[in-house]
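Engineer: Before we start, here is the structure in question, set down as structure tokens.
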Amino acid sequence: MLDAFLDMGRTGGATDGAGTPAEEADRVHWQEVATHLNGMWRTFLKDQPAIASSGIVDPARWLDMAGRWLQQLPVGGEEGQSRFFADSIALWENMLTQVGVGENGSQSGLPRKDRRFKDPRWQEQPVFALIHQLYLLMSEQLMAAADGASGMNDGRKDQLRFFTRLMTEALSPAHFPLTNPLVLEKTMETGGENLIKGMEHLIADLEAGKLTHTDKNAFTLGENIASTPGKVVHETPLYQIIQYTPVTETVLQTPLLVFPPWINRFYILDLGPKNSFIKWAVDQGLTVCVVSWRSADSSMADIGWEDYIAAMIEAVDVVRDRFKVPSVHTIGYCVGGTTLAAALAVMGRKGDADKVASATYFTAQVDFTEAGELRAFIDEQQLAVIDSLAGEGFVDGRYLALAFNLLRSPDLIWNYVIKNYLLGEDYPAFDLLYWNGDTTNLPARFHREYLKNLYHDNLLVVPDALSACGTSIDLRKNVTPSYIQAGVDDHIAPLRSVWKLTRHLSGPKRFLLAGSGHIAGVVNPPSSGKYQYWSIGNPEEPNQMPPDTLDEFRAAAVETPGSWWPDWIRWIESFDGTRVKATGKRKPGGRGDTVIEDAPGRYVKTK
């Protein structure tokens, strides 16, 4: 590859400072760079025989896989081929007449636009404009072929679309040094130092088994991330309960208990003071308790979904008893929300519904018929693969992180391949990306039960098809007042899937649609001034019910700029505004209160 830089660097009869012809000096330099890169790679393969023998680092293997995949795609018949030929001719004619046309070399005249190629250098030189335009044309044709495939059920067709998209994204010319003008320019500027630094990043990631998004040394739990003051007040082998220190003289009598997903760390809700939902809730005068789930190891091999349901019910009683209150407010985020819905159905059937004053669901699902692209991973063949990855009784969180990153591979994978490996950039200090890379392991039994029973068979919405705590689960028994939040651009819990909670839960419900997606749609503090939300009616009317359909909701909903958090706190306060002094056990660790350790606790630090 580096031979290409010899011609680019030639300067005719010029010489360097030592009198050596510049052409020869360039050749020696690039040969040294190539030798260095080759040596780094060979040393890595020698030190990592398992990776070397797996074939995962062999480019030929991946190209062969892509080729075989392409051969299986339908070509679209004569009509599809004719359309492709016509589009190709139109592209060529367009490039001949319009490349470079437009102010500052913009791509306004190019027929296909994609934000991956928004940098002007992709349009300033005709060769790179043609390369990325041809790539976009081919991607269109491949996706059209996948859409036109026949003779398969909807699930298999969704898989075909998903993996075709992944393949076309991987084959972008931006991911190869010689077809990316930004990488070529950087390589010439640095004399190849970017490639050497990029190789260091690649080798480090291969050894760690995951892609690095941010500077891992920039954050310390409890100091500059997950740093809201509090104490661990309860602990079991499965979870800890953290209670946060109040900052107001009085607090709402009914405390808040938050159930984050155990697929990720709880501090997505406590990244830093400026974007911490936990700190904001404390500032509003809530007594905030958060469950910190333990990352699975081999001792948790027999932990199933039922154990998480039982843990939630137990945690409700622990918090009620600690503050001597009849009920608590609850929040469930993602899988935490799904499980909370099931736990409240169990409590409802047992006559314990009054122990929970309200339930808020952050981007949660109970009906998985429209659960998005994650369903591409959920068939019998994929489940068998997952079983093979859980040899010690747990599923490594790095596999789970990869699955979620693949849902947005241009942003969460290929963007960093370019920055980290090709451009050799330094890692930024970004709290959200640090959290995203702080993976957790899952008990193998739970993981299979959740994917098989919920995603694959959709049994949670079938009355009495599942059971927990000796009680069959019927979501209609969940009568707790609900606040259901969805993200308009959520790729993990799609809007239409989250909406289905309104059809399966009983009791009053407020539905709110937030701008952005699965993370930014939730973590959007009022101080940020970002996004918007859509709602119907007054949040201070807790007995409201949403329309029958999502389309009716969207037609009637009013858009409000900014964060939806103030809407939520008004809804919470509408149940009971009684306040009590923030004394006694309302201040964790005070006189007479035995606590376990400071927040954020040991469990969140366990790998």
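Residues are named by chain letter and number: chains run A, B, ... in the order of the structure tokens, numbers start at 1 in each chain, and ligands are numbered from 1 in the order shown.
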As a list in words, please: all residues of segment 196-324 of chain A that backbone DSSP puts in strand (DSSP E).

Structural biologist: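 The strand (DSSP E) residues within segment 196-324 of chain A come out as Gly230, Lys231, Val232, Val233, His234, Glu235, Tyr239, Gln240, Ile241, Ile242, Gln243, Tyr244, Thr250, Val251, Leu252, Leu256, Leu257, Val258, Phe259, Val288, Cys289, Val290, Val291, Ser292 and Trp293 of chain A.
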
Engineer: Which residues of segment 179-289 of chain A sit at most 9 Å from segment 115-137 of chain A, using only C-alpha atoms? Give each one's shortest atom pair and distance in Å (one decimal place), in chain and ascending residue order, as a Markdown table.

Structural biologist:
| residue | atom | partner | partner_atom | distance |
| --- | --- | --- | --- | --- |
| A:Thr179 | CA | A:Phe128 | CA | 7.1 |
| A:Asn180 | CA | A:Phe128 | CA | 7.6 |
| A:Pro181 | CA | A:Arg121 | CA | 6.4 |
| A:Leu182 | CA | A:Arg121 | CA | 7.1 |

Engineer: Can you work out which one of A:Ile56, A:Leu171, A:Met300, A:Ala218 has the shortest atom-to-atom distance to Ser409 of chain A, counting only C-alpha atoms?

Structural biologist: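 Using only C-alpha atoms, Ser409 of chain A sits closest to A:Leu171.
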
Engineer: To one decimal place, how far is atom CA of Ala34 of chain A from atom CA of Asp426 of chain A in Å?

Structural biologist: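 So the answer is 21.6 Å.
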
Engineer: Pick from A:Gln243, A:Asn415, A:Gln48, A:Ser139: nearest to Val595 of chain A, with only C-alpha atoms counted?

Structural biologist: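 For Val595 of chain A, the nearest of the candidates is A:Gln243.
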
Engineer: For Leu45 of chain A, which residue among A:Leu206, A:Lys607, A:Ala170, A:Glu193 is the nearest when counting only C-alpha atoms?

Structural biologist: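 Among the listed residues, A:Leu206 lies closest to Leu45 of chain A.
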
Engineer: Could you give me, as a PyMOL selection string, the residues within 10 Å of segment 445-452 of chain A, counting only C-alpha atoms and dropping anything in the same chain fewer than 5 positions from it?

Structural biologist: chain A and resi 263+300-308+335+339+375+377-380+383-384+386-387+390+393-395+457-460

Engineer: Next, the residues of the selection above should be written as a short mmCIF file (atom, residue, chain, number, x, y, z; two decimals), in the first residue's frame with N, CA, C and O atoms.

Structural biologist:
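Output below, filename out-v5.cif:
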data_model
loop_
_atom_site.label_atom_id
_atom_site.label_comp_id
_atom_site.auth_asym_id
_atom_site.auth_seq_id
_atom_site.Cartn_x
_atom_site.Cartn_y
_atom_site.Cartn_z
N ILE A 263 -27.92 -4.75 31.54
CA ILE A 263 -27.10 -4.92 30.34
C ILE A 263 -26.02 -3.84 30.31
O ILE A 263 -24.98 -4.00 29.68
N MET A 300 -23.06 -16.98 38.97
CA MET A 300 -24.44 -16.56 38.68
C MET A 300 -25.03 -17.31 37.50
O MET A 300 -26.01 -16.86 36.89
N ALA A 301 -24.49 -18.48 37.18
CA ALA A 301 -24.93 -19.23 36.01
C ALA A 301 -26.41 -19.58 36.05
O ALA A 301 -27.07 -19.69 35.01
N ASP A 302 -26.97 -19.78 37.25
CA ASP A 302 -28.37 -20.22 37.38
C ASP A 302 -29.34 -19.06 37.60
O ASP A 302 -30.53 -19.29 37.86
N ILE A 303 -28.86 -17.83 37.51
CA ILE A 303 -29.74 -16.67 37.66
C ILE A 303 -30.57 -16.49 36.39
O ILE A 303 -30.02 -16.39 35.30
N GLY A 304 -31.88 -16.47 36.56
CA GLY A 304 -32.78 -16.30 35.42
C GLY A 304 -33.60 -15.03 35.52
O GLY A 304 -33.46 -14.25 36.48
N TRP A 305 -34.47 -14.82 34.55
CA TRP A 305 -35.28 -13.60 34.52
C TRP A 305 -36.14 -13.51 35.77
O TRP A 305 -36.36 -12.43 36.32
N GLU A 306 -36.64 -14.64 36.25
CA GLU A 306 -37.47 -14.65 37.44
C GLU A 306 -36.73 -14.08 38.65
O GLU A 306 -37.33 -13.42 39.50
N ASP A 307 -35.42 -14.30 38.72
CA ASP A 307 -34.64 -13.78 39.84
C ASP A 307 -34.58 -12.26 39.82
O ASP A 307 -34.58 -11.61 40.87
N TYR A 308 -34.54 -11.67 38.63
CA TYR A 308 -34.55 -10.21 38.53
C TYR A 308 -35.92 -9.64 38.91
O TYR A 308 -36.02 -8.57 39.54
N VAL A 335 -34.51 -2.82 29.50
CA VAL A 335 -34.86 -4.13 30.04
C VAL A 335 -35.30 -4.01 31.49
O VAL A 335 -36.11 -4.81 31.97
N THR A 339 -38.87 -5.62 32.74
CA THR A 339 -38.96 -6.47 33.92
C THR A 339 -39.82 -5.84 35.00
O THR A 339 -40.55 -6.53 35.72
N ARG A 375 -33.97 -7.97 16.39
CA ARG A 375 -34.57 -9.27 16.11
C ARG A 375 -33.76 -10.06 15.09
O ARG A 375 -33.92 -11.28 14.97
N PHE A 377 -30.84 -10.84 15.40
CA PHE A 377 -29.95 -11.72 16.16
C PHE A 377 -30.72 -12.85 16.85
O PHE A 377 -30.10 -13.70 17.49
N ILE A 378 -32.05 -12.85 16.72
CA ILE A 378 -32.85 -13.75 17.55
C ILE A 378 -33.57 -14.79 16.69
O ILE A 378 -34.73 -14.62 16.31
N ASP A 379 -32.89 -15.83 16.31
CA ASP A 379 -33.54 -17.03 15.77
C ASP A 379 -32.83 -18.23 16.37
O ASP A 379 -31.89 -18.09 17.16
N GLU A 380 -33.27 -19.42 16.04
CA GLU A 380 -32.72 -20.61 16.68
C GLU A 380 -31.22 -20.74 16.43
O GLU A 380 -30.45 -21.13 17.31
N LEU A 383 -29.48 -18.17 18.61
CA LEU A 383 -29.52 -18.57 20.01
C LEU A 383 -28.51 -19.66 20.31
O LEU A 383 -27.91 -19.70 21.40
N ALA A 384 -28.31 -20.56 19.34
CA ALA A 384 -27.31 -21.62 19.53
C ALA A 384 -25.91 -21.02 19.61
O ALA A 384 -25.07 -21.47 20.40
N ILE A 386 -25.21 -18.03 20.71
CA ILE A 386 -25.13 -17.37 22.02
C ILE A 386 -24.83 -18.39 23.11
O ILE A 386 -24.02 -18.15 24.01
N ASP A 387 -25.48 -19.56 23.03
CA ASP A 387 -25.21 -20.61 24.02
C ASP A 387 -23.74 -21.01 24.00
O ASP A 387 -23.14 -21.27 25.05
N ALA A 390 -21.32 -18.88 26.11
CA ALA A 390 -21.55 -18.81 27.56
C ALA A 390 -21.02 -20.05 28.27
O ALA A 390 -21.70 -20.65 29.09
N GLY A 393 -21.01 -19.98 32.12
CA GLY A 393 -22.25 -19.62 32.79
C GLY A 393 -22.65 -18.18 32.67
O GLY A 393 -23.64 -17.74 33.25
N PHE A 394 -21.90 -17.39 31.90
CA PHE A 394 -22.28 -16.00 31.67
C PHE A 394 -21.86 -15.58 30.27
O PHE A 394 -20.98 -16.19 29.66
N VAL A 395 -22.55 -14.57 29.76
CA VAL A 395 -22.26 -14.03 28.44
C VAL A 395 -21.40 -12.78 28.61
O VAL A 395 -21.78 -11.85 29.32
N ASP A 457 -40.31 -15.59 21.09
CA ASP A 457 -41.67 -16.15 21.20
C ASP A 457 -42.70 -15.13 21.65
O ASP A 457 -43.91 -15.42 21.60
N ASN A 458 -42.29 -13.96 22.12
CA ASN A 458 -43.19 -12.88 22.51
C ASN A 458 -44.23 -13.33 23.54
O ASN A 458 -45.41 -12.99 23.47
N LEU A 459 -43.77 -14.07 24.55
CA LEU A 459 -44.69 -14.68 25.51
C LEU A 459 -45.13 -13.72 26.61
O LEU A 459 -46.12 -14.01 27.31
N LEU A 460 -44.45 -12.61 26.80
CA LEU A 460 -44.81 -11.71 27.90
C LEU A 460 -46.21 -11.14 27.71
O LEU A 460 -46.91 -10.87 28.69
#

Engineer: Within segment 129-256 of chain A, find each residue whose DSSP state, derived from the backbone, is helix (DSSP H, G or I), and express the selection as a PyMOL selection string.

Structural biologist: chain A and resi 129-147+154-170+173-175+177-179+181-190+193-208

Engineer: Any chance you can output those residues with C-alpha atoms as a PDB file, in the first residue's frame?

Structural biologist:
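Everything below was put into out-v4.pdb:
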ATOM      1  CA  ALA A 129     -16.214  12.020  -5.972  1.00  0.00           C
ATOM      2  CA  LEU A 130     -16.643   9.216  -8.509  1.00  0.00           C
ATOM      3  CA  ILE A 131     -15.475   6.555  -6.038  1.00  0.00           C
ATOM      4  CA  HIS A 132     -17.941   7.447  -3.304  1.00  0.00           C
ATOM      5  CA  GLN A 133     -20.789   8.039  -5.756  1.00  0.00           C
ATOM      6  CA  LEU A 134     -20.243   4.596  -7.308  1.00  0.00           C
ATOM      7  CA  TYR A 135     -20.170   3.089  -3.828  1.00  0.00           C
ATOM      8  CA  LEU A 136     -23.489   4.725  -2.929  1.00  0.00           C
ATOM      9  CA  LEU A 137     -24.992   3.508  -6.213  1.00  0.00           C
ATOM     10  CA  MET A 138     -23.844  -0.059  -5.542  1.00  0.00           C
ATOM     11  CA  SER A 139     -25.166   0.113  -1.978  1.00  0.00           C
ATOM     12  CA  GLU A 140     -28.562   1.178  -3.288  1.00  0.00           C
ATOM     13  CA  GLN A 141     -28.627  -1.740  -5.691  1.00  0.00           C
ATOM     14  CA  LEU A 142     -27.648  -4.271  -3.039  1.00  0.00           C
ATOM     15  CA  MET A 143     -30.250  -3.012  -0.590  1.00  0.00           C
ATOM     16  CA  ALA A 144     -32.866  -3.044  -3.346  1.00  0.00           C
ATOM     17  CA  ALA A 145     -31.912  -6.643  -4.093  1.00  0.00           C
ATOM     18  CA  ALA A 146     -32.359  -7.556  -0.440  1.00  0.00           C
ATOM     19  CA  ASP A 147     -35.723  -5.797  -0.342  1.00  0.00           C
ATOM     20  CA  ASP A 154     -40.528 -11.845   7.346  1.00  0.00           C
ATOM     21  CA  GLY A 155     -37.954 -12.733  10.004  1.00  0.00           C
ATOM     22  CA  ARG A 156     -35.452 -14.103   7.508  1.00  0.00           C
ATOM     23  CA  LYS A 157     -36.026 -11.174   5.182  1.00  0.00           C
ATOM     24  CA  ASP A 158     -35.347  -8.737   8.027  1.00  0.00           C
ATOM     25  CA  GLN A 159     -32.100 -10.601   8.680  1.00  0.00           C
ATOM     26  CA  LEU A 160     -31.172 -10.360   5.000  1.00  0.00           C
ATOM     27  CA  ARG A 161     -31.754  -6.608   5.010  1.00  0.00           C
ATOM     28  CA  PHE A 162     -29.837  -6.161   8.262  1.00  0.00           C
ATOM     29  CA  PHE A 163     -26.731  -8.086   7.264  1.00  0.00           C
ATOM     30  CA  THR A 164     -26.757  -6.621   3.758  1.00  0.00           C
ATOM     31  CA  ARG A 165     -26.739  -3.174   5.321  1.00  0.00           C
ATOM     32  CA  LEU A 166     -23.841  -4.158   7.565  1.00  0.00           C
ATOM     33  CA  MET A 167     -21.885  -5.460   4.597  1.00  0.00           C
ATOM     34  CA  THR A 168     -22.434  -2.378   2.447  1.00  0.00           C
ATOM     35  CA  GLU A 169     -21.483  -0.118   5.355  1.00  0.00           C
ATOM     36  CA  ALA A 170     -18.285  -2.092   5.919  1.00  0.00           C
ATOM     37  CA  PRO A 173     -14.316   3.557   0.476  1.00  0.00           C
ATOM     38  CA  ALA A 174     -13.847   5.667   3.603  1.00  0.00           C
ATOM     39  CA  HIS A 175     -12.555   2.556   5.389  1.00  0.00           C
ATOM     40  CA  PRO A 177      -6.505   4.215   3.130  1.00  0.00           C
ATOM     41  CA  LEU A 178      -6.042   4.527  -0.627  1.00  0.00           C
ATOM     42  CA  THR A 179      -9.676   5.459  -1.305  1.00  0.00           C
ATOM     43  CA  PRO A 181      -8.707  11.413   0.680  1.00  0.00           C
ATOM     44  CA  LEU A 182      -8.615  12.428   4.360  1.00  0.00           C
ATOM     45  CA  VAL A 183      -6.372   9.469   5.215  1.00  0.00           C
ATOM     46  CA  LEU A 184      -4.126  10.072   2.215  1.00  0.00           C
ATOM     47  CA  GLU A 185      -3.679  13.698   3.185  1.00  0.00           C
ATOM     48  CA  LYS A 186      -2.994  12.837   6.829  1.00  0.00           C
ATOM     49  CA  THR A 187      -0.471  10.169   5.841  1.00  0.00           C
ATOM     50  CA  MET A 188       1.463  12.611   3.681  1.00  0.00           C
ATOM     51  CA  GLU A 189       1.377  15.294   6.397  1.00  0.00           C
ATOM     52  CA  THR A 190       2.668  12.987   9.135  1.00  0.00           C
ATOM     53  CA  GLU A 193       2.950   8.383  11.716  1.00  0.00           C
ATOM     54  CA  ASN A 194      -0.856   8.249  11.714  1.00  0.00           C
ATOM     55  CA  LEU A 195      -0.741   4.675  10.410  1.00  0.00           C
ATOM     56  CA  ILE A 196       1.797   3.627  13.043  1.00  0.00           C
ATOM     57  CA  LYS A 197      -0.283   5.178  15.798  1.00  0.00           C
ATOM     58  CA  GLY A 198      -3.404   3.626  14.291  1.00  0.00           C
ATOM     59  CA  MET A 199      -1.737   0.204  14.310  1.00  0.00           C
ATOM     60  CA  GLU A 200      -0.999   0.671  18.017  1.00  0.00           C
ATOM     61  CA  HIS A 201      -4.673   1.430  18.626  1.00  0.00           C
ATOM     62  CA  LEU A 202      -5.795  -1.569  16.553  1.00  0.00           C
ATOM     63  CA  ILE A 203      -3.497  -4.002  18.355  1.00  0.00           C
ATOM     64  CA  ALA A 204      -4.575  -2.691  21.766  1.00  0.00           C
ATOM     65  CA  ASP A 205      -8.253  -3.136  20.832  1.00  0.00           C
ATOM     66  CA  LEU A 206      -7.702  -6.650  19.490  1.00  0.00           C
ATOM     67  CA  GLU A 207      -5.965  -7.600  22.720  1.00  0.00           C
ATOM     68  CA  ALA A 208      -8.793  -6.088  24.781  1.00  0.00           C
TER      69      ALA A 208
END
